[in-house]
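**Student:** Handing you a structure now.
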Amino acid sequence: MKYFFIPFLFCLSVGFVLSGSDQDIDKAYQNAKKGVYWALSNIPEKKSKIAHQLVAEDKLYSSVKLYKKVNGVKVESTGFYNSNEVTITLYKSTDSLLSEGYINSRKIIEGEK
């Protein structure tokens, strides 16, 4: 009975550690998504790229970079939680930005011609 109980406790403790790690990764992913939403809501008219950090309560939640590309934008968002880091790279076309309401005109992405 003693030999069965010790490996059982070991497996149980490993399971708790892994589930905690999954939760931390999920929180880092949620922070990265917040960065993506921030970038899409703040597309500049004149600049071709921006970089921003989302910080609250002296904690870095997300680091965001937005680049204007031909016919759309590229967003790189890195979310942080404890010692975990998750990066999302997203490409959005000008048409999808217009249809989803992030921009009002093609001129914002293509520039004044």
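Chain labels run A, B, ... following the order of the structure tokens; each chain numbers its residues from 1, and ligands are numbered from 1 in the order shown.
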Could you name the residues that touch region 88-94 of chain A at 10 Å or less, counting only C-alpha atoms, but leaving out those on the same chain fewer than 2 positions away, as a PyMOL selection string?
**Tutor:** chain A and resi 29+32-33+35-36+40+64-79+86+96-100+102-103+105-110
**Student:** Please write the residues from the selection above to a file, keeping N, CA and C atoms, as an mmCIF file, in the first residue's frame.
**Tutor:**
data_model
loop_
_atom_site.group_PDB
_atom_site.id
_atom_site.type_symbol
_atom_site.label_atom_id
_atom_site.label_comp_id
_atom_site.auth_asym_id
_atom_site.auth_seq_id
_atom_site.Cartn_x
_atom_site.Cartn_y
_atom_site.Cartn_z
ATOM 1 N N TYR A 29 -2.077 34.860 -22.789
ATOM 2 C CA TYR A 29 -2.775 34.936 -24.077
ATOM 3 C C TYR A 29 -3.864 36.010 -24.042
ATOM 4 N N ALA A 32 -2.238 39.327 -24.371
ATOM 5 C CA ALA A 32 -1.820 39.570 -25.756
ATOM 6 C C ALA A 32 -3.018 39.990 -26.604
ATOM 7 N N LYS A 33 -4.175 39.382 -26.375
ATOM 8 C CA LYS A 33 -5.390 39.766 -27.111
ATOM 9 C C LYS A 33 -5.789 41.200 -26.786
ATOM 10 N N GLY A 35 -3.784 43.575 -26.181
ATOM 11 C CA GLY A 35 -2.879 44.391 -26.979
ATOM 12 C C GLY A 35 -3.321 44.480 -28.434
ATOM 13 N N VAL A 36 -3.814 43.376 -28.989
ATOM 14 C CA VAL A 36 -4.310 43.378 -30.366
ATOM 15 C C VAL A 36 -5.502 44.320 -30.481
ATOM 16 N N LEU A 40 -5.681 47.714 -32.893
ATOM 17 C CA LEU A 40 -6.684 47.896 -33.944
ATOM 18 C C LEU A 40 -7.576 49.103 -33.681
ATOM 19 N N VAL A 64 2.957 45.999 -27.722
ATOM 20 C CA VAL A 64 2.260 45.962 -29.004
ATOM 21 C C VAL A 64 3.037 46.746 -30.053
ATOM 22 N N LYS A 65 3.089 46.186 -31.262
ATOM 23 C CA LYS A 65 3.650 46.891 -32.418
ATOM 24 C C LYS A 65 2.653 46.767 -33.561
ATOM 25 N N LEU A 66 2.384 47.884 -34.230
ATOM 26 C CA LEU A 66 1.497 47.902 -35.377
ATOM 27 C C LEU A 66 2.252 48.484 -36.560
ATOM 28 N N TYR A 67 2.208 47.794 -37.689
ATOM 29 C CA TYR A 67 2.861 48.235 -38.915
ATOM 30 C C TYR A 67 1.810 48.352 -40.011
ATOM 31 N N LYS A 68 1.837 49.462 -40.740
ATOM 32 C CA LYS A 68 0.983 49.573 -41.915
ATOM 33 C C LYS A 68 1.693 48.887 -43.070
ATOM 34 N N LYS A 69 0.989 48.016 -43.749
ATOM 35 C CA LYS A 69 1.514 47.308 -44.907
ATOM 36 C C LYS A 69 0.663 47.663 -46.116
ATOM 37 N N VAL A 70 1.086 47.202 -47.287
ATOM 38 C CA VAL A 70 0.286 47.400 -48.481
ATOM 39 C C VAL A 70 -1.016 46.620 -48.308
ATOM 40 N N ASN A 71 -2.125 47.311 -48.426
ATOM 41 C CA ASN A 71 -3.465 46.712 -48.297
ATOM 42 C C ASN A 71 -3.786 46.170 -46.919
ATOM 43 N N GLY A 72 -3.261 46.751 -45.856
ATOM 44 C CA GLY A 72 -3.646 46.299 -44.524
ATOM 45 C C GLY A 72 -2.648 46.668 -43.441
ATOM 46 N N VAL A 73 -2.757 45.973 -42.320
ATOM 47 C CA VAL A 73 -1.865 46.193 -41.181
ATOM 48 C C VAL A 73 -1.364 44.855 -40.645
ATOM 49 N N LYS A 74 -0.248 44.931 -39.950
ATOM 50 C CA LYS A 74 0.315 43.783 -39.231
ATOM 51 C C LYS A 74 0.421 44.190 -37.769
ATOM 52 N N VAL A 75 -0.098 43.351 -36.877
ATOM 53 C CA VAL A 75 -0.059 43.624 -35.441
ATOM 54 C C VAL A 75 0.726 42.506 -34.771
ATOM 55 N N GLU A 76 1.716 42.876 -33.983
ATOM 56 C CA GLU A 76 2.462 41.924 -33.149
ATOM 57 C C GLU A 76 2.207 42.312 -31.695
ATOM 58 N N SER A 77 1.607 41.408 -30.947
ATOM 59 C CA SER A 77 1.294 41.677 -29.555
ATOM 60 C C SER A 77 1.865 40.560 -28.690
ATOM 61 N N THR A 78 2.621 40.937 -27.679
ATOM 62 C CA THR A 78 3.176 39.972 -26.736
ATOM 63 C C THR A 78 2.538 40.202 -25.382
ATOM 64 N N GLY A 79 1.879 39.170 -24.870
ATOM 65 C CA GLY A 79 1.235 39.243 -23.571
ATOM 66 C C GLY A 79 2.099 38.599 -22.504
ATOM 67 N N VAL A 86 3.384 35.170 -24.330
ATOM 68 C CA VAL A 86 2.698 34.654 -25.514
ATOM 69 C C VAL A 86 2.676 35.756 -26.562
ATOM 70 N N SER A 96 -11.173 44.204 -44.491
ATOM 71 C CA SER A 96 -11.708 43.703 -43.221
ATOM 72 C C SER A 96 -11.702 44.795 -42.149
ATOM 73 N N LEU A 97 -10.709 45.679 -42.163
ATOM 74 C CA LEU A 97 -10.687 46.797 -41.215
ATOM 75 C C LEU A 97 -11.873 47.736 -41.452
ATOM 76 N N LEU A 98 -12.210 47.963 -42.734
ATOM 77 C CA LEU A 98 -13.366 48.799 -43.064
ATOM 78 C C LEU A 98 -14.668 48.124 -42.637
ATOM 79 N N SER A 99 -14.813 46.845 -42.935
ATOM 80 C CA SER A 99 -16.070 46.151 -42.632
ATOM 81 C C SER A 99 -16.288 45.980 -41.130
ATOM 82 N N GLU A 100 -15.199 45.860 -40.361
ATOM 83 C CA GLU A 100 -15.316 45.690 -38.911
ATOM 84 C C GLU A 100 -15.354 47.023 -38.168
ATOM 85 N N TYR A 102 -12.943 49.418 -37.856
ATOM 86 C CA TYR A 102 -11.715 49.939 -37.238
ATOM 87 C C TYR A 102 -11.221 51.204 -37.932
ATOM 88 N N ILE A 103 -11.516 51.334 -39.229
ATOM 89 C CA ILE A 103 -11.154 52.544 -39.966
ATOM 90 C C ILE A 103 -12.376 53.011 -40.748
ATOM 91 N N SER A 105 -11.957 55.022 -43.705
ATOM 92 C CA SER A 105 -11.611 55.280 -45.098
ATOM 93 C C SER A 105 -10.330 54.542 -45.462
ATOM 94 N N ARG A 106 -10.187 54.211 -46.731
ATOM 95 C CA ARG A 106 -8.970 53.547 -47.215
ATOM 96 C C ARG A 106 -7.748 54.460 -47.091
ATOM 97 N N LYS A 107 -7.960 55.756 -47.058
ATOM 98 C CA LYS A 107 -6.855 56.722 -47.000
ATOM 99 C C LYS A 107 -6.018 56.551 -45.732
ATOM 100 N N ILE A 108 -6.614 56.051 -44.674
ATOM 101 C CA ILE A 108 -5.874 55.865 -43.419
ATOM 102 C C ILE A 108 -4.752 54.846 -43.622
ATOM 103 N N ILE A 109 -5.007 53.782 -44.369
ATOM 104 C CA ILE A 109 -3.990 52.757 -44.603
ATOM 105 C C ILE A 109 -3.108 53.117 -45.788
ATOM 106 N N GLU A 110 -3.709 53.576 -46.875
ATOM 107 C CA GLU A 110 -2.957 53.814 -48.109
ATOM 108 C C GLU A 110 -2.270 55.170 -48.123
#
**Student:** According to DSSP computed on the backbone, where in chain A is there strand (DSSP E or B)? Give the residues as JSON, numbers by chain.
**Tutor:** {"A": [49, 50, 51, 52, 53, 54, 55, 56, 59, 60, 61, 62, 63, 64, 65, 66, 67, 68, 69, 72, 73, 74, 75, 76, 77, 78, 79, 80, 81, 84, 85, 86, 87, 88, 89, 90, 91, 92, 93]}
**Student:** Once you have the residues from the selection above, write them out as a CSV table (one decimal), in the first residue's frame, restricted to N, CA and C atoms.
**Tutor:**
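Saved the output as result18.csv:
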chain,number,residue,atom,x,y,z
A,49,LYS,N,4.1,53.1,-38.5
A,49,LYS,CA,4.2,52.1,-37.4
A,49,LYS,C,4.1,52.8,-36.0
A,50,ILE,N,3.6,52.0,-35.1
A,50,ILE,CA,3.6,52.5,-33.7
A,50,ILE,C,4.0,51.3,-32.8
A,51,ALA,N,4.5,51.7,-31.6
A,51,ALA,CA,4.8,50.7,-30.6
A,51,ALA,C,4.3,51.2,-29.3
A,52,HIS,N,3.7,50.3,-28.5
A,52,HIS,CA,3.1,50.8,-27.2
A,52,HIS,C,3.1,49.6,-26.2
A,53,GLN,N,3.2,50.0,-24.9
A,53,GLN,CA,3.2,49.0,-23.9
A,53,GLN,C,1.9,49.3,-23.0
A,54,LEU,N,1.2,48.2,-22.7
A,54,LEU,CA,0.0,48.3,-21.8
A,54,LEU,C,0.5,48.0,-20.4
A,55,VAL,N,0.5,49.0,-19.5
A,55,VAL,CA,1.0,48.9,-18.2
A,55,VAL,C,-0.1,49.3,-17.2
A,56,ALA,N,-0.3,48.5,-16.2
A,56,ALA,CA,-1.3,48.9,-15.1
A,56,ALA,C,-0.7,48.4,-13.8
A,59,LYS,N,2.7,46.8,-13.6
A,59,LYS,CA,2.9,45.5,-14.3
A,59,LYS,C,2.7,45.7,-15.8
A,60,LEU,N,3.6,45.0,-16.5
A,60,LEU,CA,3.5,45.0,-18.0
A,60,LEU,C,2.6,43.9,-18.4
A,61,TYR,N,1.5,44.3,-19.0
A,61,TYR,CA,0.5,43.3,-19.5
A,61,TYR,C,0.8,42.9,-21.0
A,62,SER,N,1.1,43.9,-21.8
A,62,SER,CA,1.3,43.6,-23.2
A,62,SER,C,2.2,44.6,-23.8
A,63,SER,N,3.0,44.2,-24.8
A,63,SER,CA,3.8,45.0,-25.6
A,63,SER,C,3.3,44.9,-27.1
A,64,VAL,N,3.0,46.0,-27.7
A,64,VAL,CA,2.3,46.0,-29.0
A,64,VAL,C,3.0,46.7,-30.1
A,65,LYS,N,3.1,46.2,-31.3
A,65,LYS,CA,3.7,46.9,-32.4
A,65,LYS,C,2.7,46.8,-33.6
A,66,LEU,N,2.4,47.9,-34.2
A,66,LEU,CA,1.5,47.9,-35.4
A,66,LEU,C,2.3,48.5,-36.6
A,67,TYR,N,2.2,47.8,-37.7
A,67,TYR,CA,2.9,48.2,-38.9
A,67,TYR,C,1.8,48.4,-40.0
A,68,LYS,N,1.8,49.5,-40.7
A,68,LYS,CA,1.0,49.6,-41.9
A,68,LYS,C,1.7,48.9,-43.1
A,69,LYS,N,1.0,48.0,-43.7
A,69,LYS,CA,1.5,47.3,-44.9
A,69,LYS,C,0.7,47.7,-46.1
A,72,GLY,N,-3.3,46.8,-45.9
A,72,GLY,CA,-3.6,46.3,-44.5
A,72,GLY,C,-2.6,46.7,-43.4
A,73,VAL,N,-2.8,46.0,-42.3
A,73,VAL,CA,-1.9,46.2,-41.2
A,73,VAL,C,-1.4,44.9,-40.6
A,74,LYS,N,-0.2,44.9,-40.0
A,74,LYS,CA,0.3,43.8,-39.2
A,74,LYS,C,0.4,44.2,-37.8
A,75,VAL,N,-0.1,43.4,-36.9
A,75,VAL,CA,-0.1,43.6,-35.4
A,75,VAL,C,0.7,42.5,-34.8
A,76,GLU,N,1.7,42.9,-34.0
A,76,GLU,CA,2.5,41.9,-33.1
A,76,GLU,C,2.2,42.3,-31.7
A,77,SER,N,1.6,41.4,-30.9
A,77,SER,CA,1.3,41.7,-29.6
A,77,SER,C,1.9,40.6,-28.7
A,78,THR,N,2.6,40.9,-27.7
A,78,THR,CA,3.2,40.0,-26.7
A,78,THR,C,2.5,40.2,-25.4
A,79,GLY,N,1.9,39.2,-24.9
A,79,GLY,CA,1.2,39.2,-23.6
A,79,GLY,C,2.1,38.6,-22.5
A,80,PHE,N,2.1,39.2,-21.3
A,80,PHE,CA,2.9,38.7,-20.2
A,80,PHE,C,2.0,38.3,-19.0
A,81,TYR,N,2.4,37.3,-18.3
A,81,TYR,CA,1.8,37.0,-17.0
A,81,TYR,C,2.8,36.1,-16.3
A,84,ASN,N,5.5,33.9,-17.9
A,84,ASN,CA,5.1,33.4,-19.2
A,84,ASN,C,4.9,34.5,-20.2
A,85,GLU,N,5.1,34.2,-21.5
A,85,GLU,CA,5.0,35.2,-22.5
A,85,GLU,C,4.4,34.5,-23.8
A,86,VAL,N,3.4,35.2,-24.3
A,86,VAL,CA,2.7,34.7,-25.5
A,86,VAL,C,2.7,35.8,-26.6
A,87,THR,N,3.1,35.4,-27.8
A,87,THR,CA,3.1,36.4,-28.9
A,87,THR,C,2.0,36.0,-29.9
A,88,ILE,N,1.3,37.0,-30.4
A,88,ILE,CA,0.3,36.9,-31.4
A,88,ILE,C,0.7,37.8,-32.6
A,89,THR,N,0.7,37.3,-33.8
A,89,THR,CA,1.0,38.1,-35.0
A,89,THR,C,-0.3,38.0,-35.8
A,90,LEU,N,-0.8,39.1,-36.2
A,90,LEU,CA,-2.1,39.2,-36.8
A,90,LEU,C,-2.0,40.1,-38.1
A,91,TYR,N,-2.5,39.7,-39.2
A,91,TYR,CA,-2.6,40.5,-40.4
A,91,TYR,C,-4.0,40.8,-40.7
A,92,LYS,N,-4.4,42.0,-41.0
A,92,LYS,CA,-5.7,42.4,-41.3
A,92,LYS,C,-5.7,43.2,-42.6
A,93,SER,N,-6.6,42.9,-43.5
A,93,SER,CA,-6.6,43.6,-44.8
A,93,SER,C,-7.4,44.9,-44.6
**Student:** Would you return as a list in words the members of region 25-106 of chain A that DSSP assigns to alpha helix (DSSP H) on this structure's backbone?
**Tutor:**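 Assigned to alpha helix (DSSP H), within region 25-106 of chain A: Ile25, Asp26, Lys27, Ala28, Tyr29, Gln30, Asn31, Ala32, Lys33, Lys34, Gly35, Val36, Tyr37, Trp38, Ala39, Leu40, Ser41, Thr94, Asp95, Ser96, Leu97, Leu98 and Ser99 of chain A.
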**Student:** Mind dumping the selected residues with N, CA and C atoms as a PDB file, in the first residue's frame?
**Tutor:**
ATOM      1  N   ILE A  25      -0.529  30.544 -18.848  1.00  0.00           N
ATOM      2  CA  ILE A  25      -0.400  30.755 -20.290  1.00  0.00           C
ATOM      3  C   ILE A  25      -1.692  31.355 -20.838  1.00  0.00           C
ATOM      4  N   ASP A  26      -2.828  30.882 -20.352  1.00  0.00           N
ATOM      5  CA  ASP A  26      -4.102  31.454 -20.790  1.00  0.00           C
ATOM      6  C   ASP A  26      -4.209  32.929 -20.426  1.00  0.00           C
ATOM      7  N   LYS A  27      -3.740  33.307 -19.256  1.00  0.00           N
ATOM      8  CA  LYS A  27      -3.780  34.720 -18.850  1.00  0.00           C
ATOM      9  C   LYS A  27      -2.833  35.557 -19.705  1.00  0.00           C
ATOM     10  N   ALA A  28      -1.665  35.010 -20.043  1.00  0.00           N
ATOM     11  CA  ALA A  28      -0.737  35.720 -20.932  1.00  0.00           C
ATOM     12  C   ALA A  28      -1.363  35.890 -22.314  1.00  0.00           C
ATOM     13  N   TYR A  29      -2.077  34.860 -22.789  1.00  0.00           N
ATOM     14  CA  TYR A  29      -2.775  34.936 -24.077  1.00  0.00           C
ATOM     15  C   TYR A  29      -3.864  36.010 -24.042  1.00  0.00           C
ATOM     16  N   GLN A  30      -4.612  36.089 -22.950  1.00  0.00           N
ATOM     17  CA  GLN A  30      -5.648  37.117 -22.810  1.00  0.00           C
ATOM     18  C   GLN A  30      -5.023  38.512 -22.835  1.00  0.00           C
ATOM     19  N   ASN A  31      -3.859  38.679 -22.198  1.00  0.00           N
ATOM     20  CA  ASN A  31      -3.176  39.973 -22.209  1.00  0.00           C
ATOM     21  C   ASN A  31      -2.694  40.321 -23.617  1.00  0.00           C
ATOM     22  N   ALA A  32      -2.238  39.327 -24.371  1.00  0.00           N
ATOM     23  CA  ALA A  32      -1.820  39.570 -25.756  1.00  0.00           C
ATOM     24  C   ALA A  32      -3.018  39.990 -26.604  1.00  0.00           C
ATOM     25  N   LYS A  33      -4.175  39.382 -26.375  1.00  0.00           N
ATOM     26  CA  LYS A  33      -5.390  39.766 -27.111  1.00  0.00           C
ATOM     27  C   LYS A  33      -5.789  41.200 -26.786  1.00  0.00           C
ATOM     28  N   LYS A  34      -5.622  41.624 -25.541  1.00  0.00           N
ATOM     29  CA  LYS A  34      -5.925  43.008 -25.182  1.00  0.00           C
ATOM     30  C   LYS A  34      -5.042  43.964 -25.976  1.00  0.00           C
ATOM     31  N   GLY A  35      -3.784  43.575 -26.181  1.00  0.00           N
ATOM     32  CA  GLY A  35      -2.879  44.391 -26.979  1.00  0.00           C
ATOM     33  C   GLY A  35      -3.321  44.480 -28.434  1.00  0.00           C
ATOM     34  N   VAL A  36      -3.814  43.376 -28.989  1.00  0.00           N
ATOM     35  CA  VAL A  36      -4.310  43.378 -30.366  1.00  0.00           C
ATOM     36  C   VAL A  36      -5.502  44.320 -30.481  1.00  0.00           C
ATOM     37  N   TYR A  37      -6.443  44.228 -29.547  1.00  0.00           N
ATOM     38  CA  TYR A  37      -7.615  45.104 -29.581  1.00  0.00           C
ATOM     39  C   TYR A  37      -7.211  46.568 -29.455  1.00  0.00           C
ATOM     40  N   TRP A  38      -6.222  46.857 -28.594  1.00  0.00           N
ATOM     41  CA  TRP A  38      -5.757  48.232 -28.445  1.00  0.00           C
ATOM     42  C   TRP A  38      -5.174  48.733 -29.760  1.00  0.00           C
ATOM     43  N   ALA A  39      -4.335  47.922 -30.403  1.00  0.00           N
ATOM     44  CA  ALA A  39      -3.684  48.350 -31.652  1.00  0.00           C
ATOM     45  C   ALA A  39      -4.708  48.602 -32.754  1.00  0.00           C
ATOM     46  N   LEU A  40      -5.681  47.714 -32.893  1.00  0.00           N
ATOM     47  CA  LEU A  40      -6.684  47.896 -33.944  1.00  0.00           C
ATOM     48  C   LEU A  40      -7.576  49.103 -33.681  1.00  0.00           C
ATOM     49  N   SER A  41      -7.746  49.462 -32.438  1.00  0.00           N
ATOM     50  CA  SER A  41      -8.564  50.626 -32.095  1.00  0.00           C
ATOM     51  C   SER A  41      -7.790  51.932 -32.199  1.00  0.00           C
ATOM     52  N   THR A  94      -7.224  45.798 -45.518  1.00  0.00           N
ATOM     53  CA  THR A  94      -7.946  47.063 -45.463  1.00  0.00           C
ATOM     54  C   THR A  94      -9.446  46.825 -45.537  1.00  0.00           C
ATOM     55  N   ASP A  95      -9.865  45.876 -46.371  1.00  0.00           N
ATOM     56  CA  ASP A  95     -11.296  45.578 -46.501  1.00  0.00           C
ATOM     57  C   ASP A  95     -11.887  45.084 -45.188  1.00  0.00           C
ATOM     58  N   SER A  96     -11.173  44.204 -44.491  1.00  0.00           N
ATOM     59  CA  SER A  96     -11.708  43.703 -43.221  1.00  0.00           C
ATOM     60  C   SER A  96     -11.702  44.795 -42.149  1.00  0.00           C
ATOM     61  N   LEU A  97     -10.709  45.679 -42.163  1.00  0.00           N
ATOM     62  CA  LEU A  97     -10.687  46.797 -41.215  1.00  0.00           C
ATOM     63  C   LEU A  97     -11.873  47.736 -41.452  1.00  0.00           C
ATOM     64  N   LEU A  98     -12.210  47.963 -42.734  1.00  0.00           N
ATOM     65  CA  LEU A  98     -13.366  48.799 -43.064  1.00  0.00           C
ATOM     66  C   LEU A  98     -14.668  48.124 -42.637  1.00  0.00           C
ATOM     67  N   SER A  99     -14.813  46.845 -42.935  1.00  0.00           N
ATOM     68  CA  SER A  99     -16.070  46.151 -42.632  1.00  0.00           C
ATOM     69  C   SER A  99     -16.288  45.980 -41.130  1.00  0.00           C
TER      70      SER A  99
END
